Structures are given as C-alpha cells and as structure tokens.
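Q: One structure, as structure tokens, below. Some questions next.
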Amino acid sequence: MNFHELFAHFGDITVDGLTKGSIYALVALGYTLVYGVLKLINFAHSEVFMVGTWTVLGAYSLVGADEGSGVGILIIATVLGFLLAPLASAGTALAVERIAYRPLRRKNAPPLIFLITAIGCSLVLTETFGQALHAIFGPPFGRAAVSIPSLIPEKEWVNLSWIAISNTQILVIVAAIVMMVALDAFVNRSRLGRGVRAVAQDPDTAALMGVNQDRVIMLIFVLGGAMAGIAAMLYTIRYDITKFDIGFLIGVKAFTAAVLGGIGNLRGALVGGLVLGVVEVYSSTLFSSNWEDVTAFVVLVLVLMFRPTGILGESLAKARA
Amino acid sequence: MRRNKWLGIGAVAISLGLAVSACGTTDNKSGGGSGSKGITANIGVMGALSGANASVVIPSVNGAELALSEWSAKHPDDHIKLVKFDSEGDPAKATPLATKMATDKSFLGLIGPAFSGETRATKSILGGAGLTTISQSATATDLTLEDPSPTFHRVIGYDEIQGAAIAKYIQSVLNAKKVFVVDDSSTYGQPLADKVKSVLGGAVTQSDKAQTGQTDFSAIVSKVKAAKPDAVFYAGYAAEAGPFLKQLRDGGVTAKFIGGDGLYGADFPKAAGSASDGAIVTCPCVPAEKVGGTFAQDYQKKFGEAPGAYAGEGYDAMTIYLKAFESGAKTREAVEKFVDSYEGQGLTKTYKFDEKGDVAAENVVVWSYKVQGGNLVPDQEISLG
C-alpha cells in the first residue's frame, strides 16, 4: 500500500486517470448508443476501435509522417488521422450492422443470436488484421505489436508544484469532452436525435409516426463508430501503439464503463469512463498495475449492488422527449 | 429486470469470447516418409510461431531447420521431418499440442517448448510419454532445479544465472546506484526480477508489477519519475516492454533501460519505436556472428535475414537429435538415453547435460546487446565469474 506515492503525486495521477478514462468514455458511447436503441451489446465495437488505430497508422504512412518530419507534414498527418480514423471506424461499424445484424433483424432472430453474431464479427475482424492482411500484405499487419510514430512530442504545459499536465493529456481530455458534448447536444436537440430517442423509447410507435427505423439504426452505428475512431486517434497520440487484438481489453473496459455509468445513458458513459480510469490508476499506484483490473471490477460490483442501473441510471429511452 | 438479464448475457458472452479466442491454430502435421532403409521419424518444434513474441522463437526454428537440411543432404536414406506446432507461447494452447505429440509414436523428440510457462504446463504430459525435449529458450529456474522432469533438457542457462549476470551488468557496467525493477507478474518475469533484486540488494530503490496485455503504464511511469533511478530493469516480454519504454521516455525519464531475454528479437524495437535506442537486452544466447564456421552466412542465405534470437541454440538442439539418429537410436527410450549421456561441442557452447537437464554453469554464456537503429547489436559477454 503505497499511500505516500498516491498523496505526493495526487494531481498527476488523477490527470493520468482522467486521460485513460476519457478514451474509455468515448468507446463506451458506442456500446451505450447501440444498447439504448437495440438492446444489443455490440461486442464487435472493440474491433471498430482497433480498425481506427490501424487507420491512423495508415494515414501517417500515407503522408510519410515520422517523428522527425517537418511541422507541415505533422499537421497534415494529424488532421488526416482525425478525419480518416472516425471515417474508417464508422464505416466498419456500419458494415457490421448492414452485413451481420440487419439480416438477423429482418428474420426477427432471438437476442442470443445477435450476441453470438457480435462475438463472431469481433473474431472475424481481429483475425482479418492478425492473419488475413498479414498473409496478403505482410508486416506491419500480423500478431506483433506495432509502434506508431508519436507526432506530437510530449511537453509539460502546466507545471505547478502539485500537478503537471502534458500537452497530449490536455488534447485527449478536451477532445473527448468536446465530442461528448457535441453528441449529447445532437441526440437531445436535433431532428435526427429526436428520431433516435423515439426509436429507443418505442420502435413500433416511432415507425407509425414516420420515423425510418433502419435509418436511425444506421445512424447510431455511424455515431458510435465515429466516436470510437476519435478514441482510436487519441489513443495512438497518447500510447503510440497498435496490435490486432488491441480492442479486446479496451472494449471490455469501455463496456464496463458503460455499465458503471448506466448503460444506455450517454452522460453515464462519460461518468463511468472517467471513474473507471481514475480508479484504475489509483489502484495501480496504491498496489501495482497487476491489481488494476481487480480493483476496477470490485468497484463495478459495489456500485451495481447499491445502484443496479449504474451511477446515473436513466437510459436513453427514458430521456425527456 | 429485463436489463439485468441482458447484463448477465453480456457477462456470459465475454467469457465465451475469451474461451473462443483461446482456441489455437495448429500447423501441418504428417507422418514420416517412405524410406526403404534408414530411419523415418518426426521431430516436433513447439513455441510462439505467431503472436507478439514470435520473433524470440522463429530464428531458433529456422536454425533447427538449417541443421536438418544440411544433415539430410548428407543422409539421403534417412527421413527426418521437423513438424512445427504453434502454441503462441500460451500454456493453454500448448497443452493439446503436447498431447498430440505424446500420443503420436512417430515423434521421437521435441525442440521446445520455447517459453517457460508452456514448458511448465506440458512437462508432465511429455515426460510421462517418455518424449525427449530439448528447449532452446525456456529459462525459468524451477523447471530443472525445483521440479525436474525426466526427459527435459535445455541448451541455455537458467534465469538464476541470467539474473545474476544482469545484476552484475547493472552494477559494474552501468554503474547504477539506484535501480527500479518492474516485472510482468508472469512465471518468467517474476522470478527473474526477484533474482536481480536479491543480488542488487539495497541498490533497488523501488519495484513494481505490470501485467501481460497492459498498454497504459502511466502509474508506473510516475513512480519511476519520482524515484529518479539510474537504471530501469524490466523482466517480461516485448509486447509490454515496448509501450512501457516509450511512455517512460515520453514522460521524460532518461534512465538506462535494461531487459532480459524476453525482449530479445525484432519485436521489442518494433513495439518501442525510436524510444528503444540505447536500451540494453541480455540473453543467454551467443551472437550468431560470434559462432564459429559459416553458420551466419548459411542462415542468411537460406532465410534471407540475419540469424536472430537463439538461432544457434536451435541449430544445436537439432544437431543433438540428429547425432542420436546417427548412433542408431530409433525409439524414444534410445533417444532419451543418447541425449542424457551426450557430450559434445555445439555452435554456441560445450554440451553435457546434468541429471536435471541443465548444461554446466561454467559452459553458460550470457551476452548483452544494445539496440541501435532498431537492431540488436552485440555489446559484450557478461563474465559470470
């Protein structure tokens, strides 16, 4: 129990946790959106994130950006990453919904079939990157971890006696919060957002009122995918690495964050993600890193014991119309 | 209530996902050839042939293949086949593969298992079937010293020796007064870190534990930052050491970074990127260019790349089996007897296995390597005296 360490660097450690949590929160949005509307836990979402990280690597090598490149190329590469990663992730999410889920919905398949399909999609996507693309193109695809050039050098922007925050941490946290506020406003204020909430509340009545259900479902997959793509870009900026199965652990954690905050609730995803990230880093500091998963799930169990619907509870369907 | 049901299903699905992803792939397997005279037999080779740590294993498999092809050219009547089994280094995936080899009588020997975890998991299966194993890289100490198996041998020194060598290097070459030790909580990393800690004693100012699969090391990095060590020692594999080192450097830590043979291979510099420059990796393996004869050139010619981790050791392990066949061994018992009493000079060291399956400590060599521009360059032999 390293209390001294925790209190001596409380500020730094908290910022580390918030950075980690922001990425969980962005990925958690994808789980929460799909769950809120379809009551489906989309396990393929972790791979939507994984595709995003590879797209960032592709975008960087497309413009030949490396750690030593000039400022112009760095800016182009970063902007390209922020554009292409969400596009690729949203495209993957949409493809999964069109190819795998929609035919099942047409046939009124029972919920368990959707879950198995989701796991199947997840495996297909990981093996595509771990085996198929490796067989066709060779490295960097394959089962080894691949380093992504860190284009934004770490610099401490805030350096007070009790807290030091680096530029990438600020970027990750601010970008994540901006994206979430934008998504929240979109769902709560726009016309399309009203459609989403209507289908979440009562699909049949929404259809009677002229809401195109399929279009709404496509929209939520695209929105969730885009958020995962942004998360992938922020993740590569912070951790500079990708792997064919990188989505698995993040996916499990993000799903946990969604449940912790109240699944189906957009703001809950934010709260759950941040709480989870901070708890993990605190426990890594107090004990050691091999305890972080244990602590994270103990916290989840404790929260669900007292608040079975998560911290914020209320779901997308119950939000005010 | 409805929601709780869904979460329950979700939990089941997660565990299902884990179970499904634990199913592995197996490589080609076939019976022996159809030689009229001479010997027909299979030698298995098992280890992480794919996965994040495959670069530690594949060169040794290539080395064994090279030894076999050179030998087969001289012995056209014998039909020895090297059959590859990809365990991805995972004990759970290694177990069914070991059972397959143990029950298939055409297998007279195994090169591997390459990692310590899978060796521990499969030792009793292979030992029970009387199948001789010669590991090229399983270095955990307990495999021979605490819980020996009758048929287990290895052509490298164990972690006690490597740990002592690492500690020595940190003290006398790096001149580090304050050392931060991190291990990956694995059966390989933990004992290695413990040995280094016990030798260094008070010089280890702090230590921490990571876990396999971890990519965020911010908590450890801030501990290292606070401790201001001269050197950081990481006991684990490349998949975690890469991002860890990168985040250390991003966090402004300039301490020397040193790792054990788990980082030996191309995967570590690849995962750490430019941050790996100057990092030290130790390995109880001899650099291929220091090995006598034309080995390095022959390897380069056959596989189109310079020999990597344990390539010479893989060659040596195969050679011992081939000598057994030359001596007329045709059964598992005969092979085991031959290997147990084998004495000879290999590419990398002099071999004579003790009753537990280890090579004599005075014949073990540990080398340090430095990462330069993404390549591991031999640095120096760490004297164990």
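Simple scheme: letters A, B, ... for chains in structure tokens order, numbers from 1 for residues in each chain, numbers from 1 for ligands in the order shown.
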Would you please give, as a JSON list (two decimals) with C-alpha atoms, in the first residue's frame, all residues of segment 28-252 of chain B that DSSP assigns to helix (DSSP H, G or I) based on the backbone?
A:
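Below is the file part.json, written as the result:
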[["chain", "number", "residue", "atom", "x", "y", "z"],
["B", 54, "ALA", "CA", 7.22, -14.78, -32.12],
["B", 55, "SER", "CA", 10.47, -13.06, -33.01],
["B", 56, "VAL", "CA", 12.07, -14.67, -29.94],
["B", 58, "ILE", "CA", 11.22, -18.20, -35.05],
["B", 59, "PRO", "CA", 15.02, -17.85, -35.52],
["B", 60, "SER", "CA", 15.61, -20.94, -33.39],
["B", 61, "VAL", "CA", 13.13, -22.89, -35.52],
["B", 62, "ASN", "CA", 14.97, -21.69, -38.60],
["B", 63, "GLY", "CA", 18.26, -22.72, -37.00],
["B", 64, "ALA", "CA", 16.88, -26.22, -36.42],
["B", 65, "GLU", "CA", 15.63, -26.35, -40.00],
["B", 66, "LEU", "CA", 19.06, -25.35, -41.26],
["B", 67, "ALA", "CA", 20.74, -28.10, -39.23],
["B", 68, "LEU", "CA", 18.24, -30.63, -40.56],
["B", 69, "SER", "CA", 18.59, -29.63, -44.21],
["B", 70, "GLU", "CA", 22.39, -29.74, -44.04],
["B", 71, "TRP", "CA", 22.24, -33.16, -42.42],
["B", 72, "SER", "CA", 19.58, -34.55, -44.76],
["B", 73, "ALA", "CA", 21.73, -33.65, -47.76],
["B", 74, "LYS", "CA", 24.38, -35.97, -46.38],
["B", 91, "PRO", "CA", 0.26, -22.66, -21.91],
["B", 92, "ALA", "CA", -3.43, -23.33, -22.64],
["B", 93, "LYS", "CA", -2.75, -23.72, -26.35],
["B", 94, "ALA", "CA", 0.43, -25.73, -25.79],
["B", 95, "THR", "CA", -1.27, -28.47, -23.76],
["B", 96, "PRO", "CA", -3.36, -30.07, -26.55],
["B", 97, "LEU", "CA", -0.40, -29.84, -28.93],
["B", 98, "ALA", "CA", 1.81, -31.63, -26.40],
["B", 99, "THR", "CA", -0.80, -34.36, -26.00],
["B", 100, "LYS", "CA", -0.87, -34.81, -29.75],
["B", 101, "MET", "CA", 2.89, -35.28, -29.92],
["B", 102, "ALA", "CA", 2.96, -37.51, -26.85],
["B", 103, "THR", "CA", 0.41, -39.92, -28.33],
["B", 116, "SER", "CA", 8.81, -21.31, -19.55],
["B", 117, "GLY", "CA", 5.05, -21.09, -18.94],
["B", 118, "GLU", "CA", 4.16, -23.56, -21.67],
["B", 119, "THR", "CA", 7.02, -25.82, -20.61],
["B", 120, "ARG", "CA", 5.66, -25.96, -17.08],
["B", 121, "ALA", "CA", 2.19, -26.78, -18.40],
["B", 122, "THR", "CA", 3.30, -29.57, -20.73],
["B", 123, "LYS", "CA", 6.25, -31.10, -18.88],
["B", 124, "SER", "CA", 4.32, -33.90, -17.23],
["B", 125, "ILE", "CA", 2.50, -34.86, -20.45],
["B", 126, "LEU", "CA", 5.72, -35.05, -22.46],
["B", 127, "GLY", "CA", 7.73, -36.61, -19.62],
["B", 128, "GLY", "CA", 5.00, -39.18, -18.99],
["B", 142, "ASP", "CA", 12.29, -24.09, -11.29],
["B", 143, "LEU", "CA", 11.92, -26.16, -14.48],
["B", 144, "THR", "CA", 15.04, -28.08, -13.56],
["B", 145, "LEU", "CA", 16.03, -27.14, -10.03],
["B", 159, "ASP", "CA", 17.24, -17.40, -15.05],
["B", 160, "GLU", "CA", 19.18, -17.64, -11.79],
["B", 161, "ILE", "CA", 22.33, -17.36, -13.88],
["B", 162, "GLN", "CA", 20.86, -14.74, -16.22],
["B", 163, "GLY", "CA", 19.55, -12.75, -13.27],
["B", 164, "ALA", "CA", 22.95, -12.75, -11.62],
["B", 165, "ALA", "CA", 24.53, -11.66, -14.91],
["B", 166, "ILE", "CA", 22.01, -8.82, -15.32],
["B", 167, "ALA", "CA", 22.64, -7.64, -11.77],
["B", 168, "LYS", "CA", 26.35, -7.75, -12.41],
["B", 169, "TYR", "CA", 25.95, -5.75, -15.62],
["B", 170, "ILE", "CA", 23.83, -3.13, -13.87],
["B", 171, "GLN", "CA", 26.41, -2.76, -11.11],
["B", 172, "SER", "CA", 29.69, -2.89, -12.95],
["B", 173, "VAL", "CA", 28.92, -1.72, -16.49],
["B", 189, "GLY", "CA", 9.31, -12.23, -15.35],
["B", 190, "GLN", "CA", 8.65, -12.54, -11.65],
["B", 191, "PRO", "CA", 11.45, -14.98, -10.68],
["B", 192, "LEU", "CA", 13.92, -13.17, -12.93],
["B", 193, "ALA", "CA", 13.10, -9.85, -11.26],
["B", 194, "ASP", "CA", 13.35, -11.49, -7.83],
["B", 195, "LYS", "CA", 16.82, -12.80, -8.60],
["B", 196, "VAL", "CA", 18.02, -9.41, -9.84],
["B", 197, "LYS", "CA", 16.55, -7.76, -6.74],
["B", 198, "SER", "CA", 18.21, -10.23, -4.37],
["B", 199, "VAL", "CA", 21.64, -9.74, -5.96],
["B", 200, "LEU", "CA", 21.40, -5.96, -6.18],
["B", 201, "GLY", "CA", 20.03, -5.68, -2.65],
["B", 202, "GLY", "CA", 19.87, -2.09, -1.43],
["B", 203, "ALA", "CA", 20.55, -0.66, -4.89],
["B", 218, "SER", "CA", 1.18, 5.89, -16.51],
["B", 219, "ALA", "CA", 1.09, 4.78, -12.86],
["B", 220, "ILE", "CA", 4.45, 3.02, -13.13],
["B", 221, "VAL", "CA", 5.93, 5.91, -15.09],
["B", 222, "SER", "CA", 5.01, 8.41, -12.39],
["B", 223, "LYS", "CA", 6.54, 6.12, -9.75],
["B", 224, "VAL", "CA", 9.75, 5.89, -11.78],
["B", 225, "LYS", "CA", 9.76, 9.66, -12.24],
["B", 226, "ALA", "CA", 9.50, 10.15, -8.50],
["B", 227, "ALA", "CA", 12.21, 7.57, -7.71],
["B", 238, "ALA", "CA", 8.39, -7.31, -25.78],
["B", 239, "ALA", "CA", 4.64, -6.72, -26.12],
["B", 240, "GLU", "CA", 4.55, -4.82, -22.80],
["B", 241, "ALA", "CA", 8.14, -3.58, -22.66],
["B", 242, "GLY", "CA", 7.66, -1.67, -25.94],
["B", 243, "PRO", "CA", 4.86, 0.67, -24.83],
["B", 244, "PHE", "CA", 6.33, 0.86, -21.31],
["B", 245, "LEU", "CA", 9.69, 2.12, -22.55],
["B", 246, "LYS", "CA", 8.01, 4.52, -24.95],
["B", 247, "GLN", "CA", 5.89, 6.01, -22.18],
["B", 248, "LEU", "CA", 8.92, 6.23, -19.89],
["B", 249, "ARG", "CA", 10.78, 8.29, -22.48],
["B", 250, "ASP", "CA", 7.67, 10.39, -23.23]]
Q: Please extract the residues of segment 33-196 of chain B with a backbone DSSP assignment of strand (DSSP E or B) and present them as a PyMOL selection string.
A: chain B and resi 40-47+79-86+107-111+132-135+152-154+179-183
Q: Quick one: contact table of chain A to chain B, 6 Å max, nearest atom pair and distance in Å to one decimal per residue, counting only C-alpha atoms, chain and number order, as CSV?
A:
residue,atom,partner,partner_atom,distance
A:Arg143,CA,B:Gly51,CA,4.5
A:Ala144,CA,B:Ala52,CA,3.7
A:Ala145,CA,B:Ala271,CA,5.4
A:Val146,CA,B:Ala271,CA,5.0
A:Ser147,CA,B:Ala271,CA,4.6
A:Glu154,CA,B:Asp250,CA,5.7
A:Val281,CA,B:Ala219,CA,5.9
A:Ser284,CA,B:Ala219,CA,5.9
A:Thr285,CA,B:Ala219,CA,5.5
A:Ser288,CA,B:Lys209,CA,5.4
A:Ser289,CA,B:Ala210,CA,4.8
A:Asn290,CA,B:Gln211,CA,5.0
Q: Skip Val365 of chain B itself and residues of its chain fewer than 2 positions away, then list as a list of chain:residue names all residues within 9 Å of it, counting only C-alpha atoms.
A: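 Once the adjacent positions are removed, what remains is B:Ile156, B:Gly157, B:Gln162, B:Cys283, B:Pro284, B:Cys285, B:Val286, B:Thr348, B:Lys349, B:Ala361, B:Glu362, B:Asn363, B:Trp367, B:Glu381, B:Ile382, B:Ser383, B:Leu384.
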Q: For Leu6 of chain A, find every residue with an atom within 10 Å (counting only C-alpha atoms), except residues of its own chain fewer than 2 positions away, and show them as a ChimeraX atom specification.
A: /A:1-4,8-14,281-286 /B:219,223
Q: In Å to one decimal, how far is atom CA of Glu156 of chain A from atom CA of Gly81 of chain A?
A: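 Those two atoms sit 23.1 Å apart.
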Q: Which of these residues is nearest to Gln136 of chain B, using only C-alpha atoms: B:Leu110, B:Ala279, B:Leu49, B:Ala317?
A: B:Ala317
Q: Which residues come within 12 Å of Pro203 of chain A, counting only C-alpha atoms, excluding same-chain residues fewer than 6 positions away, as a PyMOL selection string?
A: chain A and resi 36-39+195-197+209-214+216-217+317
Q: Between atom CA of Ser341 of chain B and atom CA of Pro148 of chain B, what is the distance in Å, rounded to a tenth?
A: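 Interatomic distance here is 16.8 Å.
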Q: At what distance in Å, to one decimal, does atom CA of Gly273 of chain A lie from atom CA of Ala254 of chain A?
A: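 Atom-to-atom, atom CA of Ala254 of chain A to atom CA of Gly273 of chain A, that is 6.8 Å.
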